[in-house]
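Data file: model-v9.tsv. Format and content: TSV, C-alpha atoms and all ligand atoms.
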chain	number	residue	atom	x	y	z
A	1	MET	CA	109.87	68.35	77.37
A	2	THR	CA	107.61	65.27	77.57
A	3	LYS	CA	104.49	66.25	79.45
A	4	LEU	CA	102.07	64.30	81.58
A	5	ILE	CA	98.84	64.31	79.60
A	6	ASP	CA	95.93	61.96	80.17
A	7	ASN	CA	93.54	60.42	77.64
A	8	PHE	CA	91.13	63.33	78.18
A	9	GLY	CA	93.75	65.93	77.27
A	10	ARG	CA	94.30	67.12	80.84
A	11	GLN	CA	97.88	68.07	81.63
A	12	ILE	CA	99.12	67.18	85.10
A	13	THR	CA	101.10	70.01	86.69
A	14	TYR	CA	100.25	69.68	90.37
A	15	LEU	CA	101.45	67.10	92.89
A	16	ARG	CA	99.97	66.69	96.36
A	17	LEU	CA	102.49	64.88	98.48
A	18	ALA	CA	101.72	63.57	101.97
A	19	VAL	CA	104.96	63.72	103.95
A	20	THR	CA	103.61	61.67	106.87
A	21	ASP	CA	100.56	59.72	108.03
A	22	ARG	CA	101.02	60.93	111.62
A	23	CYS	CA	98.95	63.71	113.13
A	24	ASN	CA	98.75	65.59	116.42
A	25	LEU	CA	94.96	66.14	116.11
A	26	ARG	CA	92.07	63.70	115.75
A	27	CYS	CA	89.51	65.54	113.62
A	28	GLN	CA	86.21	63.67	113.67
A	29	TYR	CA	85.70	63.85	109.90
A	30	CYS	CA	89.23	62.53	109.25
A	31	MET	CA	89.88	59.72	111.71
A	32	PRO	CA	88.46	57.81	114.70
A	33	ALA	CA	89.12	59.04	118.26
A	34	GLU	CA	91.78	56.38	118.81
A	35	GLY	CA	93.63	57.49	115.68
A	36	ILE	CA	94.67	55.28	112.78
A	37	ASP	CA	97.17	52.43	112.55
A	38	ILE	CA	100.26	54.38	111.58
A	39	VAL	CA	102.81	52.56	109.48
A	40	ASN	CA	106.32	51.59	110.49
A	41	ARG	CA	108.72	54.51	109.92
A	42	LYS	CA	110.64	52.52	107.28
A	43	GLU	CA	107.51	52.30	105.18
A	44	LEU	CA	107.33	56.08	104.86
A	45	LEU	CA	109.04	57.64	101.87
A	46	SER	CA	112.33	59.16	102.98
A	47	TYR	CA	112.94	62.86	102.25
A	48	LYS	CA	115.57	61.77	99.73
A	49	GLU	CA	113.00	59.63	97.92
A	50	MET	CA	110.45	62.43	98.02
A	51	TYR	CA	112.96	64.91	96.68
A	52	ARG	CA	113.79	62.57	93.80
A	53	ILE	CA	110.13	61.94	92.96
A	54	VAL	CA	109.45	65.69	92.89
A	55	ARG	CA	112.51	66.30	90.73
A	56	VAL	CA	111.53	63.63	88.22
A	57	LEU	CA	107.94	64.88	88.06
A	58	SER	CA	109.12	68.46	87.69
A	59	GLU	CA	111.10	67.36	84.63
A	60	LEU	CA	107.75	66.22	83.22
A	61	GLY	CA	105.98	69.55	83.71
A	62	VAL	CA	104.83	69.40	87.34
A	63	ASN	CA	105.44	72.93	88.60
A	64	LYS	CA	103.36	73.05	91.74
A	65	VAL	CA	103.66	70.90	94.87
A	66	ARG	CA	101.44	70.88	97.92
A	67	LEU	CA	102.88	69.25	101.03
A	68	THR	CA	100.31	67.73	103.29
A	69	GLY	CA	99.81	64.71	105.54
A	70	GLY	CA	98.89	63.72	108.30
A	71	GLU	CA	100.32	66.87	109.76
A	72	PRO	CA	103.47	67.82	107.81
A	73	PHE	CA	105.04	69.67	110.75
A	74	VAL	CA	104.89	66.51	112.88
A	75	ARG	CA	107.59	64.97	110.71
A	76	LYS	CA	111.10	65.65	111.96
A	77	ASP	CA	113.23	67.93	109.76
A	78	PHE	CA	110.30	69.05	107.62
A	79	ILE	CA	111.80	72.55	107.38
A	80	SER	CA	115.10	71.15	106.06
A	81	PHE	CA	113.10	69.28	103.43
A	82	LEU	CA	111.43	72.55	102.40
A	83	GLU	CA	114.87	74.15	102.12
A	84	LYS	CA	115.99	71.40	99.74
A	85	LEU	CA	112.82	71.54	97.65
A	86	ASN	CA	113.46	75.23	97.27
A	87	TYR	CA	116.49	74.41	95.11
A	88	ASN	CA	114.23	72.89	92.46
A	89	LYS	CA	113.83	75.80	90.10
A	90	ASN	CA	111.21	74.00	87.97
A	91	LEU	CA	108.78	74.53	90.83
A	92	LYS	CA	106.74	77.71	90.58
A	93	GLU	CA	104.85	77.05	93.78
A	94	ILE	CA	105.46	75.14	96.98
A	95	ASN	CA	102.32	75.14	99.13
A	96	ILE	CA	101.51	73.59	102.49
A	97	THR	CA	98.33	72.36	104.14
A	98	THR	CA	98.58	72.34	107.93
A	99	ASN	CA	96.45	72.31	111.05
A	100	GLY	CA	98.62	75.16	112.32
A	101	ALA	CA	99.04	73.86	115.86
A	102	LEU	CA	102.82	73.51	115.60
A	103	ILE	CA	103.86	76.21	113.17
A	104	SER	CA	103.68	79.66	114.73
A	105	ASN	CA	107.46	79.63	115.34
A	106	HIS	CA	108.22	78.64	111.75
A	107	ILE	CA	106.32	81.36	109.89
A	108	THR	CA	109.30	83.69	109.36
A	109	LYS	CA	111.23	80.75	107.94
A	110	LEU	CA	108.36	79.89	105.60
A	111	GLU	CA	108.42	83.49	104.37
A	112	GLU	CA	112.16	83.24	103.67
A	113	LEU	CA	111.65	80.04	101.70
A	114	ASN	CA	109.68	80.01	98.50
A	115	ILE	CA	106.39	78.98	100.11
A	116	LYS	CA	103.43	80.55	98.34
A	117	ASN	CA	100.14	79.39	99.85
A	118	VAL	CA	99.51	78.09	103.30
A	119	ASN	CA	96.15	76.40	103.75
A	120	LEU	CA	95.27	76.42	107.41
A	121	SER	CA	92.58	73.99	108.50
A	122	ILE	CA	90.24	75.53	111.06
A	123	ASP	CA	86.68	74.31	111.23
A	124	SER	CA	85.37	76.48	114.03
A	125	LEU	CA	86.02	79.94	115.44
A	126	GLN	CA	84.73	78.86	118.84
A	127	ALA	CA	87.25	77.21	121.15
A	128	GLU	CA	84.81	74.65	122.56
A	129	ASN	CA	83.46	73.62	119.18
A	130	PHE	CA	86.99	73.46	117.76
A	131	LYS	CA	87.94	71.13	120.61
A	132	LYS	CA	84.91	68.92	119.94
A	133	ILE	CA	85.79	68.64	116.24
A	134	THR	CA	89.54	68.10	116.59
A	135	ARG	CA	89.38	66.24	119.95
A	136	ARG	CA	92.33	68.39	121.04
A	137	ASP	CA	92.52	71.66	123.02
A	138	VAL	CA	94.65	73.77	120.69
A	139	PHE	CA	92.29	76.47	119.41
A	140	ASN	CA	94.28	79.37	120.88
A	141	GLU	CA	97.50	78.21	119.26
A	142	VAL	CA	95.83	77.65	115.87
A	143	TYR	CA	94.15	81.05	116.00
A	144	LYS	CA	97.48	82.65	116.85
A	145	THR	CA	98.91	80.97	113.74
A	146	LEU	CA	96.01	82.33	111.71
A	147	GLU	CA	96.70	85.89	112.86
A	148	THR	CA	100.46	85.62	112.30
A	149	LEU	CA	99.99	84.12	108.84
A	150	GLU	CA	97.51	86.83	107.90
A	151	LYS	CA	100.10	89.49	108.66
A	152	SER	CA	102.86	87.58	106.85
A	153	THR	CA	103.81	87.69	103.18
A	154	LEU	CA	102.32	84.22	102.69
A	155	ASN	CA	99.00	83.73	100.94
A	156	LEU	CA	96.54	82.46	103.51
A	157	LYS	CA	93.59	80.19	102.79
A	158	LEU	CA	91.44	78.69	105.52
A	159	ASN	CA	90.10	75.17	104.95
A	160	VAL	CA	86.73	74.70	106.64
A	161	VAL	CA	85.08	71.30	106.31
A	162	ILE	CA	81.33	71.84	106.55
A	163	GLN	CA	79.85	69.34	108.99
A	164	SER	CA	76.11	69.04	109.29
A	165	GLY	CA	74.84	70.23	112.68
A	166	ILE	CA	78.37	70.94	113.92
A	167	ASN	CA	79.70	74.10	112.29
A	168	THR	CA	77.10	75.10	109.68
A	169	ASN	CA	75.96	77.89	112.02
A	170	GLU	CA	79.46	79.39	111.77
A	171	ILE	CA	79.53	79.81	107.98
A	172	LYS	CA	78.50	83.45	108.32
A	173	ASP	CA	81.16	84.07	111.01
A	174	PHE	CA	83.86	82.76	108.70
A	175	ILE	CA	82.69	85.13	105.97
A	176	GLU	CA	82.69	88.00	108.47
A	177	LEU	CA	86.33	87.16	109.13
A	178	THR	CA	87.08	88.20	105.53
A	179	LYS	CA	85.77	91.71	106.24
A	180	ASP	CA	89.07	92.97	107.66
A	181	LYS	CA	91.41	90.06	107.05
A	182	ASN	CA	93.35	89.43	103.88
A	183	LEU	CA	92.56	85.75	103.53
A	184	SER	CA	90.36	83.39	101.60
A	185	VAL	CA	88.00	81.01	103.40
A	186	ARG	CA	87.24	77.80	101.53
A	187	PHE	CA	84.23	75.79	102.60
A	188	ILE	CA	84.78	72.11	101.77
A	189	GLU	CA	82.06	69.49	101.33
A	190	GLU	CA	82.67	66.70	103.82
A	191	MET	CA	83.72	63.38	102.26
A	192	PRO	CA	83.63	59.92	103.89
A	193	PHE	CA	87.43	59.79	104.35
A	194	ASN	CA	87.29	59.26	108.11
A	195	GLY	CA	88.34	55.66	108.71
A	196	LYS	CA	84.71	54.48	108.89
A	197	GLY	CA	82.70	55.76	105.92
A	198	LEU	CA	79.79	58.09	105.27
A	199	ARG	CA	78.55	59.74	108.46
A	200	LYS	CA	74.80	59.79	108.99
A	201	THR	CA	73.69	63.39	108.94
A	202	LYS	CA	70.38	65.20	109.13
A	203	GLU	CA	71.16	67.27	106.09
A	204	LYS	CA	73.54	66.97	103.14
A	205	TRP	CA	75.72	70.08	103.02
A	206	THR	CA	76.52	70.14	99.32
A	207	PHE	CA	77.95	73.06	97.35
A	208	ASN	CA	74.42	74.35	96.61
A	209	ARG	CA	73.29	74.07	100.21
A	210	ILE	CA	76.37	75.96	101.43
A	211	LEU	CA	75.80	78.70	98.85
A	212	GLN	CA	72.14	78.92	99.83
A	213	GLU	CA	73.16	79.40	103.47
A	214	ILE	CA	75.58	82.16	102.48
A	215	ASN	CA	72.99	83.91	100.33
A	216	SER	CA	70.57	83.92	103.24
A	217	HIS	CA	73.00	86.08	105.24
A	218	PHE	CA	74.71	88.24	102.61
A	219	ASN	CA	73.17	89.98	99.63
A	220	THR	CA	76.18	91.62	98.06
A	221	ILE	CA	78.08	88.57	96.96
A	222	LYS	CA	80.00	88.71	93.71
A	223	LYS	CA	81.36	85.69	91.84
A	224	LEU	CA	85.09	85.96	91.10
A	225	PRO	CA	86.59	84.86	87.76
A	226	GLU	CA	87.46	81.15	87.62
A	227	GLY	CA	91.12	80.22	87.73
A	228	LYS	CA	92.05	77.30	85.48
A	229	SER	CA	91.92	73.96	87.34
A	230	SER	CA	90.80	75.69	90.52
A	231	THR	CA	89.26	73.35	93.08
A	232	SER	CA	86.95	76.07	94.39
A	233	LYS	CA	84.31	78.43	93.01
A	234	ASN	CA	85.22	81.78	94.51
A	235	TYR	CA	83.23	84.80	95.70
A	236	LYS	CA	83.66	88.10	97.47
A	237	THR	CA	81.35	90.16	99.65
A	238	LYS	CA	81.23	93.80	98.56
A	239	GLY	CA	83.64	95.96	100.55
A	240	TYR	CA	85.30	93.00	102.29
A	241	LYS	CA	89.07	92.65	102.15
A	242	GLY	CA	89.23	88.87	101.76
A	243	SER	CA	87.23	86.37	99.73
A	244	PHE	CA	85.68	82.94	100.09
A	245	GLY	CA	85.12	79.85	98.01
A	246	ILE	CA	83.30	76.54	98.05
A	247	ILE	CA	84.99	73.26	97.15
A	248	PRO	CA	82.62	70.62	95.71
A	249	ALA	CA	84.92	67.87	96.94
A	250	PHE	CA	82.23	65.21	97.28
A	251	THR	CA	79.80	66.20	94.51
A	252	ARG	CA	82.85	66.26	92.24
A	253	THR	CA	81.91	68.89	89.67
A	254	ILE	CA	85.51	70.00	89.24
A	255	CYS	CA	87.02	66.95	87.56
A	256	SER	CA	86.89	68.07	83.94
A	257	ASP	CA	90.01	70.22	84.16
A	258	CYS	CA	91.76	68.39	86.99
A	259	ASN	CA	95.54	68.86	86.91
A	260	ARG	CA	96.33	66.97	90.12
A	261	ILE	CA	97.95	63.72	91.19
A	262	ARG	CA	98.68	62.48	94.69
A	263	ILE	CA	101.37	60.47	96.41
A	264	THR	CA	100.73	59.18	99.92
A	265	ALA	CA	103.30	59.02	102.71
A	266	THR	CA	103.99	55.37	101.89
A	267	GLY	CA	104.49	56.11	98.20
A	268	LEU	CA	101.10	55.03	96.89
A	269	PHE	CA	100.44	56.88	93.66
A	270	LYS	CA	96.87	58.11	93.18
A	271	ASN	CA	95.53	59.45	89.90
A	272	CYS	CA	92.43	60.63	91.75
A	273	LEU	CA	91.51	61.27	95.37
A	274	PHE	CA	88.77	58.63	95.03
A	275	ASP	CA	90.88	55.77	93.60
A	276	ASP	CA	92.59	53.33	95.96
A	277	GLY	CA	96.09	53.70	94.62
A	278	VAL	CA	97.46	52.69	91.25
A	279	PHE	CA	101.02	51.59	92.06
A	280	ASN	CA	103.65	52.07	94.71
A	281	ILE	CA	106.45	54.40	93.64
A	282	ARG	CA	108.44	53.71	96.84
A	283	ASP	CA	108.78	50.01	96.01
A	284	PHE	CA	109.65	50.85	92.42
A	285	ILE	CA	112.45	53.18	93.60
A	286	ARG	CA	113.69	50.77	96.26
A	287	ASN	CA	113.92	48.06	93.59
A	288	GLY	CA	116.46	50.24	91.77
A	289	ALA	CA	114.40	52.03	89.09
A	290	SER	CA	116.29	54.63	87.05
A	291	ASP	CA	114.95	58.17	86.51
A	292	ASP	CA	113.92	57.20	82.98
A	293	GLU	CA	112.03	54.17	84.24
A	294	ILE	CA	110.27	56.30	86.85
A	295	LYS	CA	109.33	58.82	84.17
A	296	GLN	CA	107.95	56.08	81.94
A	297	VAL	CA	105.78	54.64	84.67
A	298	PHE	CA	104.35	58.09	85.49
A	299	ILE	CA	103.66	58.84	81.82
A	300	GLU	CA	101.86	55.52	81.29
A	301	THR	CA	99.90	55.60	84.54
A	302	ILE	CA	98.79	59.20	84.22
A	303	SER	CA	97.57	58.64	80.66
A	304	LYS	CA	94.93	56.35	82.24
A	305	LYS	CA	93.67	58.89	84.80
A	306	PRO	CA	89.91	58.25	85.24
A	307	LYS	CA	87.58	60.85	83.76
A	308	ASN	CA	86.17	61.82	87.13
A	309	GLY	CA	85.99	60.93	90.80
A	310	PHE	CA	82.84	58.81	90.40
A	311	ILE	CA	84.50	56.59	87.82
A	312	ALA	CA	87.66	56.41	89.94
A	313	GLU	CA	85.60	55.28	92.93
A	314	ALA	CA	83.68	52.70	90.88
A	315	GLN	CA	86.99	51.29	89.58
A	316	ARG	CA	88.57	50.79	93.00
A	317	LYS	CA	90.44	47.49	93.11
A	318	SER	CA	89.06	46.68	96.56
A	319	GLY	CA	85.50	47.09	95.24
A	320	LYS	CA	84.80	49.08	98.43
A	321	LYS	CA	83.58	52.67	98.58
A	322	VAL	CA	85.94	55.25	100.08
A	323	SER	CA	86.29	55.17	103.87
A	324	GLU	CA	90.04	55.35	104.55
A	325	SER	CA	91.29	58.21	106.74
A	326	MET	CA	92.27	61.36	104.87
A	327	SER	CA	95.36	61.40	107.07
A	328	THR	CA	96.70	58.41	105.12
A	329	ILE	CA	96.06	60.13	101.79
A	330	GLY	CA	96.75	63.82	102.22
A	331	GLY	CA	93.83	66.13	101.47
A	401	LIG	N1	96.84	67.93	108.89
A	401	LIG	C1	96.79	68.90	107.88
A	401	LIG	C2	95.51	69.70	107.95
A	401	LIG	O1	94.57	69.29	108.61
A	401	LIG	O2	95.46	70.75	107.31
A	401	LIG	C3	96.98	68.35	106.48
A	401	LIG	C4	96.30	67.05	106.16
A	401	LIG	S1	94.54	67.09	106.11
A	401	LIG	C5	94.16	65.43	105.70
A	401	LIG	C6	94.27	68.01	104.62
A	401	LIG	C7	92.91	68.61	104.47
A	401	LIG	O3	91.96	67.58	104.29
A	401	LIG	C8	92.44	69.44	105.66
A	401	LIG	O4	92.06	70.72	105.24
A	401	LIG	C9	91.27	68.68	106.17
A	401	LIG	O5	90.30	69.53	106.71
A	401	LIG	C10	90.77	67.97	104.92
A	401	LIG	N2	89.97	66.78	105.22
A	401	LIG	C11	90.31	65.76	106.02
A	401	LIG	N3	89.32	64.84	106.05
A	401	LIG	C12	88.33	65.30	105.26
A	401	LIG	C13	87.05	64.80	104.89
A	401	LIG	N4	86.59	63.67	105.37
A	401	LIG	N5	86.30	65.56	104.04
A	401	LIG	C14	86.77	66.74	103.56
A	401	LIG	N6	87.99	67.24	103.86
A	401	LIG	C15	88.75	66.55	104.70
A	402	LIG	FE1	95.07	65.64	111.42
A	402	LIG	FE2	94.54	67.19	109.33
A	402	LIG	FE3	93.24	64.87	109.71
A	402	LIG	FE4	92.75	66.86	111.35
A	402	LIG	S1	92.35	66.84	109.15
A	402	LIG	S2	93.15	64.73	111.97
A	402	LIG	S3	94.67	67.85	111.48
A	402	LIG	S4	95.35	65.09	109.25

Mind converting the file's structure to structure tokens?
Ligand code: SAM
Ligand code: SF4
Amino acid sequence: MTKLIDNFGRQITYLRLAVTDRCNLRCQYCMPAEGIDIVNRKELLSYKEMYRIVRVLSELGVNKVRLTGGEPFVRKDFISFLEKLNYNKNLKEINITTNGALISNHITKLEELNIKNVNLSIDSLQAENFKKITRRDVFNEVYKTLETLEKSTLNLKLNVVIQSGINTNEIKDFIELTKDKNLSVRFIEEMPFNGKGLRKTKEKWTFNRILQEINSHFNTIKKLPEGKSSTSKNYKTKGYKGSFGIIPAFTRTICSDCNRIRITATGLFKNCLFDDGVFNIRDFIRNGASDDEIKQVFIETISKKPKNGFIAEAQRKSGKKVSESMSTIGG
């Protein structure tokens, strides 16, 4: 099988696919209060197009897909799409990132399907603070999802974006949650993907600063072995059921064994989270490209994947630093 290997010898096996740019929440670090300019429905990849893209990529060695957005469960018939993807036997893992506000009724179905990891975004364990961050009053529903997922057969990871002066005081509470719950909390460095650009903050909450905060509260932390191409450095507190990790998303120290590519809801192909799109696969498909032509364009484009996120950002065609909403990219 021809594989997707870049000029630095990294093999691409993981696709992050945004199934929509729409979202039911308005997280401050992701988009402005008024939301983003969503695209016309026709500009979104259809499920048929997405299925084909995944199939073609899976014939080139991609064996893991994460479905994200916007909020994936906002898109009509998302569950039917999952059912179809499930037929692709080249896929070892189908994962989902969700804000959890719409999914508590779907969890049994997700268990029946081949879904492996569900990453639930929850940035506060306090209803009022959650509301301030997401600009929506859905904490109780999201927490219910958390509890149901934790008891399910699905692997649960919590995504917590660390926001200076907003939820840094809750880092210890999130770790305490791992005492009795079988889940992994992942603290994510905030990036400027919010529709406006870098937010002015008192302090920079980098990987090291987050770890320092954790060490000031817990003294029995053990580093866990590193999984290949993992986005997070992982740890466990002695005697606790779950674990936690830190994702250096903005300081970008994880690029050297990156195995990921991204496709946005409008079909923009991204070799790196920090580039501004290399080509549009939707247009290529709609112009009648054959499977072989699609494969060739992926092989050629991926071979040129930038060495790291800093280079990708410096090479942006627009010349502008990142500021677009994460909802248009898929996290
Ligand atoms: N709506 C779903 C959700 O929130 O889980 C999926 C899409 S969301 C864009 C994917 C992930 O990106 C979420 O975990 C979210 O917290 C994260 N994210 C969004 N904006 C971010 C930013 N500016 N910096 C770091 N992570 C961000
Ligand atoms: Fe929506 Fe997810 Fe962005 Fe929050 S982080 S606004 S839930 S897309």

Set out as JSON lines a contact list for chain A and ligand LIG 402 (chain A) with a cut-off of 8 Å, giving each residue of chain A that qualifies its closest atom pair and distance in Å to one decimal, counting all atoms listed in the file, ordered by chain and rising residue number.
{"residue": "A:Asp21", "atom": "CA", "partner": "A:LIG402", "partner_atom": "S4", "distance": 7.6}
{"residue": "A:Arg22", "atom": "CA", "partner": "A:LIG402", "partner_atom": "S4", "distance": 7.4}
{"residue": "A:Cys23", "atom": "CA", "partner": "A:LIG402", "partner_atom": "FE1", "distance": 4.7}
{"residue": "A:Asn24", "atom": "CA", "partner": "A:LIG402", "partner_atom": "FE1", "distance": 6.2}
{"residue": "A:Leu25", "atom": "CA", "partner": "A:LIG402", "partner_atom": "FE1", "distance": 4.7}
{"residue": "A:Arg26", "atom": "CA", "partner": "A:LIG402", "partner_atom": "S2", "distance": 4.1}
{"residue": "A:Cys27", "atom": "CA", "partner": "A:LIG402", "partner_atom": "S2", "distance": 4.1}
{"residue": "A:Gln28", "atom": "CA", "partner": "A:LIG402", "partner_atom": "S2", "distance": 7.2}
{"residue": "A:Tyr29", "atom": "CA", "partner": "A:LIG402", "partner_atom": "S1", "distance": 7.3}
{"residue": "A:Cys30", "atom": "CA", "partner": "A:LIG402", "partner_atom": "FE3", "distance": 4.7}
{"residue": "A:Met31", "atom": "CA", "partner": "A:LIG402", "partner_atom": "S2", "distance": 6.0}
{"residue": "A:Gly69", "atom": "CA", "partner": "A:LIG402", "partner_atom": "S4", "distance": 5.8}
{"residue": "A:Gly70", "atom": "CA", "partner": "A:LIG402", "partner_atom": "S4", "distance": 3.9}
{"residue": "A:Glu71", "atom": "CA", "partner": "A:LIG402", "partner_atom": "S4", "distance": 5.3}
{"residue": "A:Thr98", "atom": "CA", "partner": "A:LIG402", "partner_atom": "FE2", "distance": 6.7}
{"residue": "A:Asn99", "atom": "CA", "partner": "A:LIG402", "partner_atom": "S3", "distance": 4.8}
{"residue": "A:Ser121", "atom": "CA", "partner": "A:LIG402", "partner_atom": "FE2", "distance": 7.1}
{"residue": "A:Thr134", "atom": "CA", "partner": "A:LIG402", "partner_atom": "FE4", "distance": 6.3}
{"residue": "A:Ser325", "atom": "CA", "partner": "A:LIG402", "partner_atom": "FE3", "distance": 7.5}
{"residue": "A:Met326", "atom": "CA", "partner": "A:LIG402", "partner_atom": "FE3", "distance": 6.1}
{"residue": "A:Ser327", "atom": "CA", "partner": "A:LIG402", "partner_atom": "S4", "distance": 4.3}
{"residue": "A:Thr328", "atom": "CA", "partner": "A:LIG402", "partner_atom": "S4", "distance": 8.0}
{"residue": "A:Gly330", "atom": "CA", "partner": "A:LIG402", "partner_atom": "S4", "distance": 7.3}
{"residue": "A:Gly331", "atom": "CA", "partner": "A:LIG402", "partner_atom": "S1", "distance": 7.9}

Closest to ligand LIG 401 (chain A) among A:Leu4, A:Leu183, A:Leu67, A:Ile36, using only C-alpha atoms and all ligand atoms? A:Leu67

Counting only C-alpha atoms and all ligand atoms, the residue of A:Ile247, A:Leu224, A:Ala127, A:Ile285 that sits nearest ligand LIG 401 (chain A):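 Closest candidate: A:Ile247.
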
With 12 Å as the threshold, what does the neighbourhood of (87.0, 74.4, 116.3) contain in terms of residues, counting all atoms listed in the file? Coordinates are those of the file; answer as a short mmCIF file (atom, residue, chain, number, x, y, z; two decimals) with C-alpha atoms, keeping the file's coordinate frame.
data_model
loop_
_atom_site.label_atom_id
_atom_site.label_comp_id
_atom_site.auth_asym_id
_atom_site.auth_seq_id
_atom_site.Cartn_x
_atom_site.Cartn_y
_atom_site.Cartn_z
CA LEU A 25 94.96 66.14 116.11
CA ARG A 26 92.07 63.70 115.75
CA CYS A 27 89.51 65.54 113.62
CA GLN A 28 86.21 63.67 113.67
CA ASN A 99 96.45 72.31 111.05
CA SER A 121 92.58 73.99 108.50
CA ILE A 122 90.24 75.53 111.06
CA ASP A 123 86.68 74.31 111.23
CA SER A 124 85.37 76.48 114.03
CA LEU A 125 86.02 79.94 115.44
CA GLN A 126 84.73 78.86 118.84
CA ALA A 127 87.25 77.21 121.15
CA GLU A 128 84.81 74.65 122.56
CA ASN A 129 83.46 73.62 119.18
CA PHE A 130 86.99 73.46 117.76
CA LYS A 131 87.94 71.13 120.61
CA LYS A 132 84.91 68.92 119.94
CA ILE A 133 85.79 68.64 116.24
CA THR A 134 89.54 68.10 116.59
CA ARG A 135 89.38 66.24 119.95
CA ARG A 136 92.33 68.39 121.04
CA ASP A 137 92.52 71.66 123.02
CA VAL A 138 94.65 73.77 120.69
CA PHE A 139 92.29 76.47 119.41
CA ASN A 140 94.28 79.37 120.88
CA GLU A 141 97.50 78.21 119.26
CA VAL A 142 95.83 77.65 115.87
CA TYR A 143 94.15 81.05 116.00
CA ASN A 159 90.10 75.17 104.95
CA VAL A 160 86.73 74.70 106.64
CA VAL A 161 85.08 71.30 106.31
CA ILE A 162 81.33 71.84 106.55
CA GLN A 163 79.85 69.34 108.99
CA ILE A 166 78.37 70.94 113.92
CA ASN A 167 79.70 74.10 112.29
CA THR A 168 77.10 75.10 109.68
CA GLU A 170 79.46 79.39 111.77
CA PHE A 174 83.86 82.76 108.70
#

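When all atoms listed in the file are used to measure the gap to ligand LIG 401 (chain A), the shortest distance among A:Thr68, A:Ser230, A:Thr20, A:Ser184 belongs to A:Thr68.
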
What is the distance, in Å and to one decimal place, between atom O2 of ligand LIG 401 (chain A) and atom CA of A:Ile79?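 Calculated distance between atom O2 of ligand LIG 401 (chain A) and atom CA of A:Ile79 is 16.4 Å.
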
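Counting from atom CA of A:Glu147, the distance to atom CA of A:Lys179 is 14.0 Å.
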
Six-sided padding of 5 Å per side, axis-aligned box over ligand LIG 401 (chain A), centre and edges in Å, one decimal, as AutoDock Vina command-line options:
--center_x 91.6 --center_y 67.2 --center_z 106.2 --size_x 20.7 --size_y 17.1 --size_z 15.3

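One finds atom CA of A:Glu189 at 9.7 Å from atom CA of A:Arg252.
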